[in-house]
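S.K.: Structure file entry-v4.csv (CSV, C-alpha atoms (C1' of nucleotides)) right here:
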```
chain,number,residue,atom,x,y,z
A,1,MET,CA,0.0,0.0,0.0
A,2,SER,CA,1.1,3.5,-0.7
A,3,PHE,CA,0.1,6.2,1.8
A,4,PRO,CA,0.9,9.1,-0.5
A,5,GLU,CA,-1.5,7.7,-3.1
A,6,THR,CA,-4.1,6.8,-0.6
A,7,PHE,CA,-4.3,10.1,1.3
A,8,LYS,CA,-4.2,12.1,-1.9
A,9,ALA,CA,-7.1,10.0,-3.2
A,10,LEU,CA,-9.1,10.7,0.0
A,11,ALA,CA,-8.3,14.4,-0.1
A,12,ASP,CA,-10.9,15.2,-2.8
A,13,PRO,CA,-14.5,15.7,-1.8
A,14,VAL,CA,-15.9,14.1,-5.0
A,15,ARG,CA,-13.9,11.0,-4.4
A,16,ARG,CA,-15.0,10.8,-0.8
A,17,GLU,CA,-18.6,11.1,-2.0
A,18,ILE,CA,-18.1,8.3,-4.5
A,19,LEU,CA,-16.8,6.1,-1.7
A,20,ILE,CA,-19.9,6.8,0.4
A,21,MET,CA,-22.1,5.9,-2.6
A,22,LEU,CA,-20.2,2.6,-3.0
A,23,LYS,CA,-21.2,1.6,0.6
A,24,GLN,CA,-24.5,0.6,-1.0
A,25,GLY,CA,-22.7,-1.8,-3.2
A,26,LYS,CA,-21.2,-2.1,-6.7
A,27,MET,CA,-22.0,0.6,-9.1
A,28,SER,CA,-21.1,1.3,-12.8
A,29,ALA,CA,-19.1,4.3,-13.8
A,30,GLY,CA,-22.2,5.7,-15.5
A,31,GLU,CA,-24.4,5.3,-12.4
A,32,ILE,CA,-21.8,7.0,-10.3
A,33,GLY,CA,-21.5,9.8,-12.8
A,34,GLN,CA,-25.2,10.6,-12.7
A,35,ALA,CA,-24.8,11.7,-9.1
A,36,PHE,CA,-22.5,14.5,-10.1
A,37,ASP,CA,-22.7,17.6,-12.3
A,38,MET,CA,-19.5,16.7,-14.2
A,39,THR,CA,-18.6,15.0,-17.4
A,40,GLY,CA,-18.0,11.3,-17.6
A,41,ALA,CA,-14.4,12.0,-18.4
A,42,THR,CA,-14.0,13.7,-15.1
A,43,ILE,CA,-15.7,11.0,-13.2
A,44,SER,CA,-13.5,8.5,-15.0
A,45,TYR,CA,-10.4,10.5,-13.8
A,46,HIS,CA,-11.6,10.3,-10.2
A,47,LEU,CA,-12.3,6.6,-10.4
A,48,SER,CA,-8.8,6.1,-11.8
A,49,GLN,CA,-7.4,7.9,-8.8
A,50,LEU,CA,-9.4,5.7,-6.4
A,51,LYS,CA,-8.3,2.6,-8.3
A,52,LYS,CA,-4.7,3.7,-8.2
A,53,ALA,CA,-5.0,4.1,-4.4
A,54,LYS,CA,-6.6,0.7,-4.3
A,55,LEU,CA,-9.6,2.1,-2.4
A,56,VAL,CA,-11.9,0.6,-5.1
A,57,ILE,CA,-11.8,-2.5,-7.2
A,58,GLU,CA,-13.1,-2.6,-10.7
A,59,SER,CA,-14.8,-5.4,-12.7
A,60,LYS,CA,-16.2,-5.5,-16.2
A,61,GLN,CA,-19.5,-6.9,-17.3
A,62,LYS,CA,-20.9,-6.3,-20.8
A,63,ASN,CA,-19.8,-2.9,-21.7
A,64,PHE,CA,-20.1,-1.6,-18.1
A,65,VAL,CA,-17.3,-1.1,-15.7
A,66,TYR,CA,-18.3,-1.7,-12.1
A,67,TYR,CA,-16.6,-0.3,-9.0
A,68,GLU,CA,-16.8,-1.4,-5.4
A,69,LEU,CA,-15.1,-0.6,-2.2
A,70,ASN,CA,-11.9,-2.4,-1.2
A,71,ALA,CA,-12.4,-2.7,2.5
A,72,SER,CA,-8.9,-4.0,3.3
A,73,VAL,CA,-7.1,-0.8,2.4
A,74,PHE,CA,-9.3,1.2,4.7
A,75,GLU,CA,-8.2,-1.0,7.5
A,76,GLU,CA,-4.6,-0.2,6.8
A,77,ILE,CA,-5.3,3.5,6.9
A,78,VAL,CA,-7.1,3.1,10.2
A,79,LEU,CA,-4.0,1.3,11.6
A,80,TRP,CA,-1.8,4.1,10.4
A,81,LEU,CA,-4.0,6.7,12.0
A,82,ALA,CA,-4.2,4.8,15.3
A,83,GLN,CA,-0.6,5.5,16.0
A,84,PHE,CA,-1.6,9.1,16.7
A,85,GLY,CA,-3.9,8.2,19.5
A,86,GLY,CA,-7.1,8.1,17.5
A,87,ASN,CA,-7.7,4.7,19.1
A,88,ASN,CA,-8.7,5.9,22.6
A,89,ASN,CA,-12.3,4.7,22.6
A,90,GLU,CA,-13.5,6.6,25.6
A,91,LYS,CA,-16.4,8.8,25.1
X,1,MET,CA,-14.3,19.1,12.2
X,2,SER,CA,-14.0,19.6,8.5
X,3,PHE,CA,-13.0,16.5,6.5
X,4,PRO,CA,-12.0,18.4,3.5
X,5,GLU,CA,-9.4,20.3,5.5
X,6,THR,CA,-8.3,17.2,7.4
X,7,PHE,CA,-7.7,14.9,4.5
X,8,LYS,CA,-6.0,17.6,2.5
X,9,ALA,CA,-3.7,18.2,5.4
X,10,LEU,CA,-2.9,14.5,5.6
X,11,ALA,CA,-2.4,14.2,1.8
X,12,ASP,CA,1.1,15.8,1.9
X,13,PRO,CA,4.1,13.6,2.8
X,14,VAL,CA,6.0,16.4,4.6
X,15,ARG,CA,3.0,17.0,6.8
X,16,ARG,CA,2.6,13.3,7.6
X,17,GLU,CA,6.3,13.2,8.5
X,18,ILE,CA,5.8,16.1,10.8
X,19,LEU,CA,3.0,14.3,12.6
X,20,ILE,CA,5.1,11.3,13.0
X,21,MET,CA,7.9,13.4,14.6
X,22,LEU,CA,5.3,14.9,16.9
X,23,LYS,CA,4.6,11.5,18.4
X,24,GLN,CA,7.8,12.1,20.4
X,25,GLY,CA,6.2,15.1,21.9
X,26,LYS,CA,6.0,18.9,21.6
X,27,MET,CA,8.5,20.5,19.2
X,28,SER,CA,9.2,24.0,18.2
X,29,ALA,CA,8.8,25.2,14.6
X,30,GLY,CA,12.6,25.5,14.3
X,31,GLU,CA,13.3,22.0,15.6
X,32,ILE,CA,10.7,20.6,13.1
X,33,GLY,CA,12.3,22.5,10.3
X,34,GLN,CA,15.7,21.1,10.9
X,35,ALA,CA,14.5,17.7,9.8
X,36,PHE,CA,13.7,18.9,6.4
X,37,ASP,CA,15.6,20.4,3.5
X,38,MET,CA,13.3,23.3,3.1
X,39,THR,CA,13.1,26.9,4.2
X,40,GLY,CA,11.5,27.9,7.5
X,41,ALA,CA,8.8,29.7,5.5
X,42,THR,CA,7.8,26.5,3.8
X,43,ILE,CA,7.7,24.6,7.1
X,44,SER,CA,5.6,27.4,8.6
X,45,TYR,CA,3.2,27.0,5.7
X,46,HIS,CA,2.8,23.3,6.4
X,47,LEU,CA,2.4,23.9,10.1
X,48,SER,CA,-0.4,26.3,9.3
X,49,GLN,CA,-2.1,23.7,7.2
X,50,LEU,CA,-1.9,21.2,10.1
X,51,LYS,CA,-3.2,23.8,12.5
X,52,LYS,CA,-6.1,24.7,10.2
X,53,ALA,CA,-7.0,21.0,10.1
X,54,LYS,CA,-6.7,20.9,13.9
X,55,LEU,CA,-4.3,18.0,13.7
X,56,VAL,CA,-1.9,19.9,15.8
X,57,ILE,CA,-2.2,22.5,18.6
X,58,GLU,CA,0.2,25.3,19.0
X,59,SER,CA,1.5,27.0,22.2
X,60,LYS,CA,4.0,29.9,22.6
X,61,GLN,CA,6.8,30.1,25.1
X,62,LYS,CA,9.5,32.8,24.9
X,63,ASN,CA,9.9,33.4,21.2
X,64,PHE,CA,9.4,29.8,20.3
X,65,VAL,CA,6.2,28.4,18.9
X,66,TYR,CA,5.6,24.8,20.0
X,67,TYR,CA,3.4,22.2,18.2
X,68,GLU,CA,1.9,19.0,19.4
X,69,LEU,CA,-0.5,16.4,18.2
X,70,ASN,CA,-4.2,16.9,18.7
X,71,ALA,CA,-5.2,13.2,19.3
X,72,SER,CA,-9.0,13.8,19.3
X,73,VAL,CA,-9.2,14.8,15.7
X,74,PHE,CA,-7.4,11.6,14.7
X,75,GLU,CA,-10.1,9.7,16.4
X,76,GLU,CA,-12.8,11.4,14.3
X,77,ILE,CA,-11.0,10.4,11.1
X,78,VAL,CA,-10.7,6.8,12.3
X,79,LEU,CA,-14.5,6.8,12.9
X,80,TRP,CA,-15.2,8.2,9.5
X,81,LEU,CA,-13.0,5.6,7.9
X,82,ALA,CA,-14.5,2.8,9.9
X,83,GLN,CA,-17.8,3.1,7.9
X,84,PHE,CA,-16.0,1.6,4.9
X,85,GLY,CA,-15.3,-1.7,6.7
X,86,GLY,CA,-11.8,-0.8,7.9
X,87,ASN,CA,-12.9,-2.1,11.3
X,88,ASN,CA,-12.8,-5.8,10.5
X,89,ASN,CA,-10.0,-6.9,12.7
X,90,GLU,CA,-9.6,-10.4,11.4
X,91,LYS,CA,-6.1,-11.2,10.2
Y,1,DA,C1',16.1,51.3,22.8
Y,2,DT,C1',18.8,48.5,19.7
Y,3,DT,C1',19.8,44.3,18.3
Y,4,DC,C1',19.2,39.3,18.0
Y,5,DT,C1',16.5,35.0,17.5
Y,6,DA,C1',12.4,32.4,16.0
Y,7,DT,C1',8.7,32.4,13.3
Y,8,DT,C1',5.2,34.1,10.1
Y,9,DT,C1',3.5,36.8,6.1
Y,10,DA,C1',3.5,38.6,1.3
Y,11,DG,C1',4.3,38.0,-3.3
Y,12,DA,C1',6.2,35.6,-7.2
Y,13,DC,C1',7.2,31.3,-9.4
Y,14,DT,C1',6.7,26.3,-10.3
Y,15,DT,C1',4.4,22.2,-10.0
Y,16,DT,C1',0.5,19.3,-9.5
Y,17,DA,C1',-4.6,18.6,-9.8
Y,18,DT,C1',-9.0,19.1,-11.6
Y,19,DT,C1',-11.9,19.9,-15.3
Y,20,DC,C1',-13.5,20.3,-19.9
Y,21,DT,C1',-14.0,19.0,-25.1
Y,22,DA,C1',-13.0,15.9,-28.6
Y,23,DA,C1',-11.4,11.7,-30.1
Y,24,DA,C1',-10.4,6.7,-29.2
Y,25,DT,C1',-11.6,2.1,-27.5
Y,26,DA,C1',-14.2,-1.9,-26.6
Y,27,DG,C1',-17.9,-4.7,-26.3
Y,28,DA,C1',-23.0,-5.4,-27.6
Y,29,DT,C1',-26.7,-5.2,-30.8
Y,30,DG,C1',-29.1,-5.0,-35.1
B,1,DC,C1',-19.9,-5.3,-40.3
B,2,DA,C1',-22.0,-1.0,-39.1
B,3,DT,C1',-23.6,1.3,-35.3
B,4,DC,C1',-24.8,2.2,-30.7
B,5,DT,C1',-23.6,2.5,-25.6
B,6,DA,C1',-20.4,2.9,-21.9
B,7,DT,C1',-16.2,4.3,-20.6
B,8,DT,C1',-11.5,5.8,-21.1
B,9,DT,C1',-7.6,8.6,-23.0
B,10,DA,C1',-5.4,12.8,-24.9
B,11,DG,C1',-4.6,17.4,-24.8
B,12,DA,C1',-5.7,22.0,-23.4
B,13,DA,C1',-7.3,25.2,-20.0
B,14,DT,C1',-7.9,26.6,-15.3
B,15,DA,C1',-7.3,26.3,-10.5
B,16,DA,C1',-5.0,25.0,-6.4
B,17,DA,C1',-0.9,23.7,-3.7
B,18,DG,C1',3.9,23.9,-2.6
B,19,DT,C1',8.2,26.3,-2.5
B,20,DC,C1',11.3,30.1,-2.5
B,21,DT,C1',13.2,35.0,-1.3
B,22,DA,C1',12.6,39.0,1.1
B,23,DA,C1',10.4,41.6,4.4
B,24,DA,C1',7.6,41.9,8.7
B,25,DT,C1',6.5,40.7,13.5
B,26,DA,C1',7.2,39.7,18.2
B,27,DG,C1',9.5,38.7,22.0
B,28,DA,C1',14.2,38.2,24.4
B,29,DA,C1',18.7,39.8,25.5
B,30,DT,C1',22.1,43.2,25.8
```
Spell out the structure here as structure tokens.
M.R.:
Amino acid sequence: MSFPETFKALADPVRREILIMLKQGKMSAGEIGQAFDMTGATISYHLSQLKKAKLVIESKQKNFVYYELNASVFEEIVLWLAQFGGNNNEK
Amino acid sequence: MSFPETFKALADPVRREILIMLKQGKMSAGEIGQAFDMTGATISYHLSQLKKAKLVIESKQKNFVYYELNASVFEEIVLWLAQFGGNNNEK
DNA sequence: ATTCTATTTAGACTTTATTCTAAATAGATG
DNA sequence: CATCTATTTAGAATAAAGTCTAAATAGAAT
């Protein structure tokens, strides 16, 4: 895993919104794009950043490209952040 | 807390390195700067970004400005990330 | 009060990111 | 195979981030 890539990917609000959408499950690039007022090319760019950071996994079916969360990478980020004391689970 | 600010702050490798240094405890801007091959002005810029994101807290003493980690904000980020399944603690 | 030390601010420059339009690809359908 | 649909790639334009030098601030020391 590469933290530079991962944090840069998480730094953009559009990409964070995409990740939240993907909690519902697998979605195609087109479906994702409909939620934003941007061209498909731009969405494709953001998806490529998320993919590069391994935050999402892609799969192809017919002429659709589906994206889904890659939970394991999130765990690694959580572990990295925990070193700063974010793991004190007192209220 | 503002996630845009926070993730943007974490996206830069210099700033992540500063945070790791601060695990050792409070350090002055000058001490932090010595660890990097950059001008004090640039370090000051990075510290301001970390401060804006509330990842660090500053305090003044004599003519030194000290920085230290703000653990509570890290916890909030961990919680945000946990929604993506980063909390499955199986090996 | 003048000077010294530590840090920040201002402004310019450079690099990196984001976005668009237009063209390219790739697979599906008629 | 010609065309349609979904997505990506290329290239240009704009915007944002990072870095520097020089100047400003603020407090400490003489």
S.K.: I need every residue sitting at most 9 Å from the point (8.1, 32.6, 22.7) (coordinates as in the file, all atoms listed in the file considered), written as a PyMOL selection string.
M.R.: (chain X and resi 59-66) or (chain Y and resi 6) or (chain B and resi 26-28)
S.K.: Chain A least-squares fit onto chain X, all C-alpha atoms in order: RMSD in Å?
M.R.: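 Root-mean-square deviation of the C-alpha atoms: 0.1 Å.
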S.K.: Taking all atoms listed in the file into account, produce a table as a tab-separated table in which each residue of chain B with an atom at most 10 Å from an atom of chain A appears once, together with its shortest atom pair and the distance in Å to one decimal, ordered by chain and rising number.
M.R.:
```
residue	atom	partner	partner_atom	distance
B:DT5	C1'	A:Asn63	CA	7.7
B:DA6	C1'	A:Asn63	CA	5.8
B:DT7	C1'	A:Val65	CA	7.4
B:DT8	C1'	A:Ser44	CA	7.0
B:DT9	C1'	A:Ala41	CA	8.9
```
S.K.: Find the residue from X:Pro13, X:Pro4, X:Gly25, X:Gly33 that sits nearest to chain Y; use only C-alpha atoms (C1' of nucleotides) when measuring.
M.R.: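 Selected residue with least distance to chain Y: X:Gly33.
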S.K.: So the first atom is atom CA of A:Glu75 and the second is atom CA of X:Ala82; what is the distance between them in Å, to one decimal place?
M.R.: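 Rounded to one decimal, the two atoms are 7.7 Å apart.
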S.K.: Taking a cut-off of 7 Å and counting only C-alpha atoms, can you build a table that, for each residue of chain A near chain X, reports the nearest atom pair and how far apart they are in Å (one decimal), sorted by chain then residue number, as JSON lines?
M.R.:
```
{"residue": "A:Pro4", "atom": "CA", "partner": "X:Pro13", "partner_atom": "CA", "distance": 6.4}
{"residue": "A:Phe7", "atom": "CA", "partner": "X:Ala11", "partner_atom": "CA", "distance": 4.5}
{"residue": "A:Lys8", "atom": "CA", "partner": "X:Ala11", "partner_atom": "CA", "distance": 4.6}
{"residue": "A:Leu10", "atom": "CA", "partner": "X:Phe7", "partner_atom": "CA", "distance": 6.3}
{"residue": "A:Ala11", "atom": "CA", "partner": "X:Phe7", "partner_atom": "CA", "distance": 4.7}
{"residue": "A:Pro13", "atom": "CA", "partner": "X:Pro4", "partner_atom": "CA", "distance": 6.5}
{"residue": "A:Lys23", "atom": "CA", "partner": "X:Phe84", "partner_atom": "CA", "distance": 6.7}
{"residue": "A:Ala71", "atom": "CA", "partner": "X:Gly85", "partner_atom": "CA", "distance": 5.2}
{"residue": "A:Ser72", "atom": "CA", "partner": "X:Gly86", "partner_atom": "CA", "distance": 6.3}
{"residue": "A:Phe74", "atom": "CA", "partner": "X:Gly86", "partner_atom": "CA", "distance": 4.5}
{"residue": "A:Glu75", "atom": "CA", "partner": "X:Gly86", "partner_atom": "CA", "distance": 3.6}
{"residue": "A:Val78", "atom": "CA", "partner": "X:Val78", "partner_atom": "CA", "distance": 5.6}
{"residue": "A:Leu81", "atom": "CA", "partner": "X:Phe74", "partner_atom": "CA", "distance": 6.5}
{"residue": "A:Phe84", "atom": "CA", "partner": "X:Ala71", "partner_atom": "CA", "distance": 6.0}
{"residue": "A:Gly85", "atom": "CA", "partner": "X:Ala71", "partner_atom": "CA", "distance": 5.2}
{"residue": "A:Gly86", "atom": "CA", "partner": "X:Glu75", "partner_atom": "CA", "distance": 3.6}
{"residue": "A:Asn87", "atom": "CA", "partner": "X:Glu75", "partner_atom": "CA", "distance": 6.2}
```
S.K.: Would you mind reading off the distance between atom C1' of Y:DA10 and atom C1' of B:DT25, one decimal, in Å?
M.R.: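 These atoms are spaced 12.7 Å apart.
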S.K.: Enter the distance from atom C1' of B:DT14 to atom C1' of Y:DT8, in Å, rounded to one decimal.
M.R.: 29.5 Å
S.K.: Using only C-alpha atoms (C1' of nucleotides), determine which residues of chain Y fall within 9 Å of chain A; present them as an NGL selection string.
M.R.: :Y and (18-20 or 26-28)
S.K.: Measuring atom to atom with all atoms listed in the file, identify which of Y:DT7, Y:DA22, Y:DA12, Y:DA1 is nearest to B:DT21.
M.R.: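 The closest residue to B:DT21 is Y:DA12.
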S.K.: Would you mind putting N, CA and C atoms back on stretch 38-66 of chain A and writing the result as a compact mmCIF listing (two decimals), in the coordinates of the input?
M.R.:
```
# COMPACT_ATOMS: atom_id res chain seq x y z
N MET A 38 -20.84 16.68 -13.52
CA MET A 38 -19.50 16.70 -14.20
C MET A 38 -19.58 15.75 -15.36
N THR A 39 -18.65 15.92 -16.25
CA THR A 39 -18.60 15.00 -17.40
C THR A 39 -18.16 13.64 -17.00
N GLY A 40 -18.49 12.68 -17.84
CA GLY A 40 -18.00 11.30 -17.60
C GLY A 40 -16.54 11.21 -17.58
N ALA A 41 -15.87 12.03 -18.36
CA ALA A 41 -14.40 12.00 -18.40
C ALA A 41 -13.84 12.35 -17.02
N THR A 42 -14.45 13.34 -16.40
CA THR A 42 -14.00 13.70 -15.10
C THR A 42 -14.19 12.65 -14.05
N ILE A 43 -15.37 12.05 -14.10
CA ILE A 43 -15.70 11.00 -13.20
C ILE A 43 -14.67 9.82 -13.40
N SER A 44 -14.40 9.55 -14.65
CA SER A 44 -13.50 8.50 -15.00
C SER A 44 -12.09 8.79 -14.38
N TYR A 45 -11.72 10.05 -14.43
CA TYR A 45 -10.40 10.50 -13.80
C TYR A 45 -10.45 10.18 -12.32
N HIS A 46 -11.53 10.56 -11.66
CA HIS A 46 -11.60 10.30 -10.20
C HIS A 46 -11.59 8.84 -9.88
N LEU A 47 -12.30 8.07 -10.68
CA LEU A 47 -12.30 6.60 -10.40
C LEU A 47 -10.91 6.05 -10.63
N SER A 48 -10.18 6.59 -11.59
CA SER A 48 -8.80 6.10 -11.80
C SER A 48 -7.92 6.39 -10.61
N GLN A 49 -8.16 7.55 -9.97
CA GLN A 49 -7.40 7.90 -8.80
C GLN A 49 -7.71 6.94 -7.62
N LEU A 50 -8.99 6.65 -7.48
CA LEU A 50 -9.40 5.70 -6.40
C LEU A 50 -8.86 4.33 -6.65
N LYS A 51 -8.82 3.97 -7.91
CA LYS A 51 -8.30 2.60 -8.30
C LYS A 51 -6.83 2.57 -8.02
N LYS A 52 -6.12 3.64 -8.40
CA LYS A 52 -4.70 3.70 -8.20
C LYS A 52 -4.35 3.56 -6.71
N ALA A 53 -5.19 4.15 -5.87
CA ALA A 53 -5.00 4.10 -4.40
C ALA A 53 -5.53 2.78 -3.84
N LYS A 54 -6.07 1.95 -4.69
CA LYS A 54 -6.60 0.70 -4.30
C LYS A 54 -7.79 0.79 -3.31
N LEU A 55 -8.44 1.93 -3.30
CA LEU A 55 -9.60 2.10 -2.40
C LEU A 55 -10.83 1.46 -3.06
N VAL A 56 -10.79 1.26 -4.37
CA VAL A 56 -11.90 0.60 -5.10
C VAL A 56 -11.28 -0.50 -5.97
N ILE A 57 -12.14 -1.45 -6.32
CA ILE A 57 -11.80 -2.50 -7.20
C ILE A 57 -12.72 -2.46 -8.40
N GLU A 58 -12.23 -2.68 -9.60
CA GLU A 58 -13.10 -2.60 -10.70
C GLU A 58 -13.35 -4.02 -11.32
N SER A 59 -14.51 -4.18 -11.96
CA SER A 59 -14.80 -5.40 -12.70
C SER A 59 -15.65 -5.08 -13.89
N LYS A 60 -15.52 -5.82 -14.95
CA LYS A 60 -16.20 -5.50 -16.20
C LYS A 60 -17.30 -6.53 -16.48
N GLN A 61 -18.41 -6.04 -17.03
CA GLN A 61 -19.50 -6.90 -17.30
C GLN A 61 -20.25 -6.24 -18.51
N LYS A 62 -20.39 -6.94 -19.61
CA LYS A 62 -20.90 -6.30 -20.80
C LYS A 62 -20.03 -5.14 -21.13
N ASN A 63 -20.64 -4.03 -21.51
CA ASN A 63 -19.80 -2.90 -21.70
C ASN A 63 -19.80 -1.90 -20.50
N PHE A 64 -20.15 -2.44 -19.35
CA PHE A 64 -20.10 -1.60 -18.10
C PHE A 64 -18.88 -1.92 -17.32
N VAL A 65 -18.44 -0.90 -16.61
CA VAL A 65 -17.30 -1.10 -15.70
C VAL A 65 -17.87 -0.83 -14.28
N TYR A 66 -17.80 -1.82 -13.44
CA TYR A 66 -18.30 -1.70 -12.10
C TYR A 66 -17.23 -1.41 -11.08
```
